[in-house]
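Student: Before I ask anything, let me first share the structure, which is written out below as structure tokens.
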Amino acid sequence: MYPSNLESSKEKTFKALYFAAAKDATQMTCENIPMPNTTLTMANLSEFLAQRHPALKRRQILEGCLFTVNEEYVDPETIIKHGDEVAIIPPVSGG
Amino acid sequence: MYPSNLESSKEKTFKALYFAAAKDATQMTCENIPMPNTTLTMANLSEFLAQRHPALKRRQILEGCLFTVNEEYVDPETIIKHGDEVAIIPPVSGG
Amino acid sequence: MTSTRSQDNTIHIEITHDVIQIIDGIEFVRSNQAGAIVTFLGSTRDNFNGRQVVRLDYEAYEPLAIRTLHQIATKAKTKWSLHGLSICHRLGTVPVGQDSMAIAVSSSHRREAWEAGEWILEQVKAKAEIWKKEIYQDGSEWKANKALPQ
Amino acid sequence: MTSTRSQDNTIHIEITHDVIQIIDGIEFVRSNQAGAIVTFLGSTRDNFNGRQVVRLDYEAYEPLAIRTLHQIATKAKTKWSLHGLSICHRLGTVPVGQDSMAIAVSSSHRREAWEAGEWILEQVKAKAEIWKKEIYQDGSEWKANKALPQ
């Protein structure tokens with residue numbers, strides 16, 4: 001599987017999916033994010049994303065969001081690792 | 001309007017409609033009944049019909065029935081007169 | 001087939017001997033102001049309390065039944081400010097798996113549609129001058145709906 | 001269009017970009033043992049709180065939404081011993097007057113169908129990973145359903 005962006009193939013990344021208001025704030029539906037040096041857990045994911053996309057913070061989007069890793073709602077201590085698919089889930093409005 | 005049966009046109013009658021169990025008991029969907037000499041009211045209609053069709057009595061059908069005169073649910077004192085359409089309404093079971 | 005429409009064409013009542021087309025009821029009640037459409041279909045089951053049912057036969061005092069259905073519809077429409085409402089009842093033989101009655105209601109919000117739909121069904125079963133005969137392999141029986149809880 | 005069926009072919013879940021055909025859901029849940037079929041259609045209204053709505057745009061985290069819908073369906077089917085159940089949600093643009101969601105359930109008796117239908121709708125609105133953007137003439141807004149009363 002080739003990393004979908006131009007960073008060197010050795011580099012460790014995880015995929016972030018943005019929906020609804022999060023998509024509008026980041027202006028993207030998904031991106032491959034290089035793994036930070038410090039351990040990234042679900043607990044500090046919000047802060048990490050807020051720094052990466054200030055609009056998420058400005059529009060106070062992340063407060064209302066849930067997060068999944070590989071399509072699972074996981075505990076805050078869950079560590080995000082290379083190749084994971086993380087989804088940012090704003091409050092839903094189906095139906 | 002010609003009376004639908006062969007009795008002389010001068011004779012006074014009223015029409016009785018039978019549905020569901022009442023229809024099965026009388027073996028007819030409707031009939032033209034000669035007006036009795038005594039006044040016939042909704043109150044004594046059951047007794048009148050029970051004598052005319054013993055099966056109605058035997059099968060205890062009339063107890064559960066409502067009655068209409070000319071498609072209206074009327075008070076017990078209502079008098080049945082020539083040309084009226086009286087319907088015997090067993091407990092309903094639509095839907 | 002006898003049917004009536006309210007003056008403002010938002011209520012459709014129909015008594016028919018044909019197969020019921022629920023999609024007609026749905027499209028009749030559809031409205032750009034309605035966010036919710038609820039429908040109920042009563043169908044012939046192949047058994048009653050474990051006894052095999054071959055078919056159901058329905059009859060009605062049609063002129064009165066139509067009026068009773070219309071009164072129920074008018075009351076429901078006002079009570080829940082529905083946009084549209086359709087009640088269709090089938091007479092004659094209704095084979096197993098087919099529909100004897102179809103209700104469709106539309107409203108701005110879902111709560112009204114649910115409440116009205118259920119209320120209409122109970123009123124129809126309690127009041128409409130329609131009778132159902134359940135036909136078994138070895139006999140038949142005129143049914144009677146339970147009276148409305150007073 | 002992505003869809004899933006339960007092993008016993010009594011649950012149908014579908015996420016589609018096409019116009020919803022509710023009759024498909026109804027015929028899927030129809031059964032000779034089912035006396036009641038209840039359906040709910042959520043449609044695009046032309047206004048929200050008086051503000052004119054031009055259309056609704058829906059998106060979903062499809063793989064997760066399908067699974068969430070299926071879990072809701074399985075729970076409902078067991079809880080109310082339903083015969084059949086179908087949930088179909090439409091994505092992309094849903095013009096005014098058209099349906100974004102269709103639920104159909106069938107059960108032996110009407111009470112289960114009403115209760116299950118309403119419960120499923122609330123669960124879908126509270127949990128399915130689907131989002132609705134309301135487009136006005138002068139702007140748009142991502143909606144958020146009220147959380148389920150705990």
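Each chain in the structure tokens gets a letter, A, B, ..., in the order shown, and its residues are numbered from 1; ligands are numbered from 1 in order too.
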Using DSSP on the backbone coordinates, identify the residues of region 22-144 of chain D assigned to helix (DSSP H, G or I); present them as number ranges by chain.

Tutor: D: 22-29, 62-79, 110-127

Student: Those residues you just picked out, can you put them in a file as a tab-separated table (two decimals), in the first residue's frame with N, CA and C atoms?

Tutor:
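Output below, filename part12.tsv:
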```
chain	number	residue	atom	x	y	z
D	22	ILE	N	-39.65	3.28	-1.22
D	22	ILE	CA	-40.16	2.71	0.03
D	22	ILE	C	-40.87	1.37	-0.22
D	23	ILE	N	-41.45	1.23	-1.41
D	23	ILE	CA	-42.19	-0.01	-1.70
D	23	ILE	C	-41.25	-1.22	-1.62
D	24	ASP	N	-39.97	-1.01	-1.92
D	24	ASP	CA	-39.01	-2.12	-1.81
D	24	ASP	C	-38.88	-2.56	-0.35
D	25	GLY	N	-38.79	-1.57	0.54
D	25	GLY	CA	-38.67	-1.88	1.97
D	25	GLY	C	-39.92	-2.60	2.46
D	26	ILE	N	-41.08	-2.13	2.01
D	26	ILE	CA	-42.35	-2.75	2.43
D	26	ILE	C	-42.42	-4.19	1.96
D	27	GLU	N	-42.10	-4.41	0.70
D	27	GLU	CA	-42.20	-5.79	0.18
D	27	GLU	C	-41.15	-6.69	0.82
D	28	PHE	N	-39.99	-6.10	1.21
D	28	PHE	CA	-38.95	-6.91	1.87
D	28	PHE	C	-39.44	-7.43	3.22
D	29	VAL	N	-40.15	-6.57	3.97
D	29	VAL	CA	-40.56	-7.00	5.32
D	29	VAL	C	-41.88	-7.77	5.32
D	62	GLU	N	-19.57	5.85	5.85
D	62	GLU	CA	-20.39	4.72	5.40
D	62	GLU	C	-20.13	3.39	6.10
D	63	PRO	N	-18.88	2.94	6.13
D	63	PRO	CA	-18.69	1.59	6.71
D	63	PRO	C	-19.18	1.52	8.16
D	64	LEU	N	-18.96	2.60	8.91
D	64	LEU	CA	-19.39	2.58	10.31
D	64	LEU	C	-20.89	2.77	10.43
D	65	ALA	N	-21.44	3.66	9.59
D	65	ALA	CA	-22.89	3.92	9.64
D	65	ALA	C	-23.67	2.64	9.32
D	66	ILE	N	-23.22	1.92	8.31
D	66	ILE	CA	-23.91	0.66	7.95
D	66	ILE	C	-23.92	-0.29	9.14
D	67	ARG	N	-22.78	-0.35	9.82
D	67	ARG	CA	-22.69	-1.30	10.95
D	67	ARG	C	-23.58	-0.83	12.09
D	68	THR	N	-23.57	0.49	12.33
D	68	THR	CA	-24.41	1.02	13.41
D	68	THR	C	-25.88	0.76	13.12
D	69	LEU	N	-26.30	0.99	11.88
D	69	LEU	CA	-27.70	0.75	11.50
D	69	LEU	C	-28.04	-0.73	11.69
D	70	HIS	N	-27.09	-1.58	11.34
D	70	HIS	CA	-27.35	-3.02	11.45
D	70	HIS	C	-27.50	-3.44	12.91
D	71	GLN	N	-26.67	-2.82	13.77
D	71	GLN	CA	-26.76	-3.15	15.21
D	71	GLN	C	-28.12	-2.71	15.76
D	72	ILE	N	-28.55	-1.51	15.34
D	72	ILE	CA	-29.85	-1.00	15.79
D	72	ILE	C	-30.95	-1.98	15.34
D	73	ALA	N	-30.85	-2.40	14.08
D	73	ALA	CA	-31.88	-3.29	13.52
D	73	ALA	C	-31.91	-4.62	14.27
D	74	THR	N	-30.74	-5.17	14.53
D	74	THR	CA	-30.69	-6.48	15.21
D	74	THR	C	-31.31	-6.37	16.60
D	75	LYS	N	-30.98	-5.28	17.30
D	75	LYS	CA	-31.54	-5.09	18.65
D	75	LYS	C	-33.06	-4.99	18.58
D	76	ALA	N	-33.55	-4.18	17.62
D	76	ALA	CA	-35.01	-3.98	17.52
D	76	ALA	C	-35.70	-5.30	17.18
D	77	LYS	N	-35.11	-6.05	16.28
D	77	LYS	CA	-35.74	-7.29	15.81
D	77	LYS	C	-35.93	-8.26	16.96
D	78	THR	N	-34.90	-8.32	17.82
D	78	THR	CA	-35.02	-9.26	18.95
D	78	THR	C	-35.98	-8.71	19.99
D	79	LYS	N	-35.84	-7.43	20.27
D	79	LYS	CA	-36.63	-6.84	21.36
D	79	LYS	C	-38.13	-6.95	21.08
D	110	ARG	N	-49.87	-5.18	15.77
D	110	ARG	CA	-49.55	-3.77	15.46
D	110	ARG	C	-48.71	-3.10	16.53
D	111	ARG	N	-48.90	-3.48	17.83
D	111	ARG	CA	-48.20	-2.75	18.89
D	111	ARG	C	-46.67	-2.83	18.69
D	112	GLU	N	-46.18	-4.03	18.39
D	112	GLU	CA	-44.72	-4.18	18.22
D	112	GLU	C	-44.22	-3.33	17.06
D	113	ALA	N	-44.98	-3.29	15.99
D	113	ALA	CA	-44.53	-2.54	14.81
D	113	ALA	C	-44.44	-1.05	15.13
D	114	TRP	N	-45.45	-0.52	15.83
D	114	TRP	CA	-45.40	0.91	16.20
D	114	TRP	C	-44.20	1.20	17.10
D	115	GLU	N	-44.08	0.39	18.15
D	115	GLU	CA	-43.01	0.67	19.13
D	115	GLU	C	-41.63	0.52	18.50
D	116	ALA	N	-41.45	-0.54	17.73
D	116	ALA	CA	-40.13	-0.77	17.12
D	116	ALA	C	-39.82	0.33	16.11
D	117	GLY	N	-40.82	0.69	15.31
D	117	GLY	CA	-40.61	1.73	14.30
D	117	GLY	C	-40.11	3.02	14.92
D	118	GLU	N	-40.78	3.42	15.99
D	118	GLU	CA	-40.42	4.70	16.62
D	118	GLU	C	-39.05	4.60	17.30
D	119	TRP	N	-38.79	3.44	17.96
D	119	TRP	CA	-37.50	3.27	18.65
D	119	TRP	C	-36.34	3.30	17.65
D	120	ILE	N	-36.53	2.60	16.53
D	120	ILE	CA	-35.48	2.55	15.51
D	120	ILE	C	-35.16	3.95	15.00
D	121	LEU	N	-36.21	4.72	14.74
D	121	LEU	CA	-35.99	6.07	14.22
D	121	LEU	C	-35.16	6.91	15.19
D	122	GLU	N	-35.50	6.84	16.47
D	122	GLU	CA	-34.75	7.64	17.45
D	122	GLU	C	-33.30	7.16	17.56
D	123	GLN	N	-33.11	5.86	17.49
D	123	GLN	CA	-31.75	5.32	17.57
D	123	GLN	C	-30.93	5.75	16.36
D	124	VAL	N	-31.55	5.69	15.19
D	124	VAL	CA	-30.83	6.08	13.97
D	124	VAL	C	-30.43	7.55	14.07
D	125	LYS	N	-31.36	8.36	14.52
D	125	LYS	CA	-31.05	9.80	14.59
D	125	LYS	C	-29.99	10.08	15.64
D	126	ALA	N	-29.93	9.26	16.67
D	126	ALA	CA	-28.98	9.53	17.75
D	126	ALA	C	-27.59	8.95	17.46
D	127	LYS	N	-27.55	7.85	16.70
D	127	LYS	CA	-26.28	7.10	16.63
D	127	LYS	C	-25.66	6.98	15.25
```

Student: Output the contact residues of chain B with respect to chain C at a cut-off of 12 Å, based on only C-alpha atoms, as a short mmCIF file (atom, residue, chain, number, x, y, z; two decimals) with N, CA, C and O atoms, in the first residue's frame.

Tutor:
```cif
data_model
loop_
_atom_site.label_atom_id
_atom_site.label_comp_id
_atom_site.auth_asym_id
_atom_site.auth_seq_id
_atom_site.Cartn_x
_atom_site.Cartn_y
_atom_site.Cartn_z
N LEU B 17 -81.33 -3.89 7.10
CA LEU B 17 -80.07 -4.38 6.53
C LEU B 17 -79.38 -5.23 7.59
O LEU B 17 -79.29 -4.84 8.75
N TYR B 18 -78.87 -6.41 7.16
CA TYR B 18 -78.18 -7.31 8.09
C TYR B 18 -76.73 -7.48 7.66
O TYR B 18 -76.44 -7.63 6.46
N PHE B 19 -75.81 -7.41 8.61
CA PHE B 19 -74.38 -7.57 8.30
C PHE B 19 -73.79 -8.69 9.15
O PHE B 19 -74.30 -9.00 10.23
N ALA B 20 -72.67 -9.23 8.67
CA ALA B 20 -71.86 -10.19 9.44
C ALA B 20 -72.73 -11.28 10.08
O ALA B 20 -73.54 -11.90 9.38
N ALA B 21 -72.61 -11.44 11.39
CA ALA B 21 -73.31 -12.55 12.07
C ALA B 21 -74.82 -12.43 11.92
O ALA B 21 -75.53 -13.43 11.82
N ALA B 22 -75.34 -11.19 11.85
CA ALA B 22 -76.80 -11.00 11.70
C ALA B 22 -77.22 -11.48 10.31
O ALA B 22 -78.29 -12.10 10.16
N LYS B 23 -76.37 -11.23 9.34
CA LYS B 23 -76.67 -11.68 7.98
C LYS B 23 -76.69 -13.23 7.94
O LYS B 23 -77.59 -13.84 7.37
N ASP B 24 -75.71 -13.85 8.60
CA ASP B 24 -75.66 -15.32 8.61
C ASP B 24 -76.89 -15.89 9.30
O ASP B 24 -77.48 -16.87 8.86
N ALA B 25 -77.31 -15.25 10.40
CA ALA B 25 -78.43 -15.77 11.18
C ALA B 25 -79.73 -15.65 10.38
O ALA B 25 -80.56 -16.55 10.37
N THR B 29 -79.27 -10.43 3.36
CA THR B 29 -78.53 -9.18 3.58
C THR B 29 -79.51 -8.05 3.87
O THR B 29 -79.20 -7.11 4.58
N CYS B 30 -80.72 -8.15 3.32
CA CYS B 30 -81.71 -7.11 3.64
C CYS B 30 -83.11 -7.63 3.34
O CYS B 30 -83.26 -8.62 2.61
N ILE B 61 -77.30 -12.63 19.05
CA ILE B 61 -76.59 -11.67 18.19
C ILE B 61 -76.99 -10.23 18.51
O ILE B 61 -76.16 -9.34 18.60
N GLY B 64 -75.30 -7.66 21.14
CA GLY B 64 -74.06 -6.92 20.88
C GLY B 64 -74.19 -5.88 19.80
O GLY B 64 -73.24 -5.18 19.47
N CYS B 65 -75.42 -5.75 19.24
CA CYS B 65 -75.58 -4.89 18.06
C CYS B 65 -75.92 -3.45 18.39
O CYS B 65 -76.54 -3.16 19.41
N LEU B 66 -75.48 -2.55 17.50
CA LEU B 66 -76.00 -1.18 17.47
C LEU B 66 -76.98 -1.13 16.31
O LEU B 66 -77.01 -2.04 15.47
N PHE B 67 -77.79 -0.05 16.28
CA PHE B 67 -78.76 0.08 15.20
C PHE B 67 -78.73 1.50 14.64
O PHE B 67 -78.49 2.46 15.39
N THR B 68 -78.91 1.61 13.34
CA THR B 68 -79.01 2.95 12.74
C THR B 68 -80.34 3.04 11.99
O THR B 68 -80.89 2.02 11.55
N VAL B 69 -80.83 4.27 11.91
CA VAL B 69 -82.01 4.56 11.07
C VAL B 69 -81.56 5.59 10.04
O VAL B 69 -81.03 6.65 10.42
N ASN B 70 -81.69 5.22 8.77
CA ASN B 70 -81.23 6.12 7.69
C ASN B 70 -79.81 6.59 7.94
O ASN B 70 -79.50 7.78 7.90
N GLU B 71 -78.95 5.60 8.28
CA GLU B 71 -77.51 5.82 8.44
C GLU B 71 -77.14 6.71 9.61
O GLU B 71 -76.09 7.32 9.63
N GLU B 72 -78.06 6.82 10.57
CA GLU B 72 -77.76 7.62 11.77
C GLU B 72 -77.94 6.76 13.01
O GLU B 72 -78.91 6.00 13.10
N TYR B 73 -77.03 6.89 13.95
CA TYR B 73 -77.24 6.25 15.26
C TYR B 73 -78.21 7.14 16.02
O TYR B 73 -77.96 8.34 16.19
N GLU B 85 -84.62 3.14 6.49
CA GLU B 85 -83.63 2.06 6.32
C GLU B 85 -82.99 1.83 7.67
O GLU B 85 -82.30 2.69 8.20
N VAL B 86 -83.26 0.68 8.23
CA VAL B 86 -82.73 0.33 9.54
C VAL B 86 -81.58 -0.65 9.34
O VAL B 86 -81.70 -1.60 8.54
N ALA B 87 -80.44 -0.40 9.99
CA ALA B 87 -79.30 -1.33 9.83
C ALA B 87 -78.95 -1.95 11.17
O ALA B 87 -78.94 -1.25 12.19
N ILE B 88 -78.70 -3.24 11.16
CA ILE B 88 -78.29 -3.98 12.35
C ILE B 88 -76.78 -4.09 12.30
O ILE B 88 -76.21 -4.65 11.35
N ILE B 89 -76.11 -3.47 13.30
CA ILE B 89 -74.65 -3.31 13.27
C ILE B 89 -73.99 -4.17 14.35
O ILE B 89 -73.85 -3.70 15.49
N PRO B 90 -73.57 -5.39 14.01
CA PRO B 90 -72.85 -6.21 15.00
C PRO B 90 -71.52 -5.55 15.36
O PRO B 90 -71.07 -4.63 14.66
N PRO B 91 -70.88 -6.01 16.45
CA PRO B 91 -69.56 -5.46 16.82
C PRO B 91 -68.64 -5.48 15.60
O PRO B 91 -68.54 -6.49 14.90
N VAL B 92 -67.98 -4.32 15.34
CA VAL B 92 -67.21 -4.19 14.09
C VAL B 92 -65.84 -4.86 14.21
O VAL B 92 -65.34 -5.12 15.31
N SER B 93 -65.24 -5.13 13.05
CA SER B 93 -63.90 -5.78 13.05
C SER B 93 -63.13 -5.39 11.80
O SER B 93 -62.58 -6.24 11.10
N GLY B 94 -63.12 -4.10 11.57
CA GLY B 94 -62.35 -3.61 10.41
C GLY B 94 -60.87 -3.55 10.73
O GLY B 94 -60.44 -3.81 11.86
N GLY B 95 -60.06 -3.15 9.73
CA GLY B 95 -58.63 -2.91 9.94
C GLY B 95 -57.77 -4.16 9.89
O GLY B 95 -58.25 -5.26 9.90
#
```

Student: Using only C-alpha atoms, which of the listed residues (D:Gln52, D:Thr93, D:Ser31, D:Ser107) sits closest to chain C?

Tutor: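 Selected residue with least distance to chain C: D:Ser31.
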
Student: With 8 Å as the limit and counting only C-alpha atoms, what residues in chain C lie close to chain D? Please list them as a list in words.

Tutor: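 The contacting residues on chain C are Ile23, Arg30, Ser31, Asn32, Gln33, Ala34, Gly35, Ala36, Ile37, Val38, Thr39, Phe40, Leu41, Gly42, Ser43, Thr44, Arg45, Asp46, Asn47, Val96, Gly97, Ser108, Trp114 and Glu118 of chain C.
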
Student: Work out how far CA of Gly50 (chain C) is from CA of Arg59 (chain B), in Å to one decimal.

Tutor: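 That distance, rounded to one decimal, is 25.7 Å.
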
Student: Could you jot down the CA of Leu85 (chain D) to CA of Ser6 (chain D) separation for me, Å, one decimal place?

Tutor: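 CA of Ser6 (chain D) lies 10.0 Å from CA of Leu85 (chain D).
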
Student: Taking the backbone alone, and naming residues the way the document does, which bits of region 40-106 of chain C are strand (DSSP E) by DSSP, as a PyMOL selection string?

Tutor: chain C and resi 40-43+47-48+51-60+84-90+92-95+99-106

Student: Which distance in Å separates CA of Ile33 (chain B) and CA of Ala16 (chain B), to one decimal?

Tutor: 7.1 Å
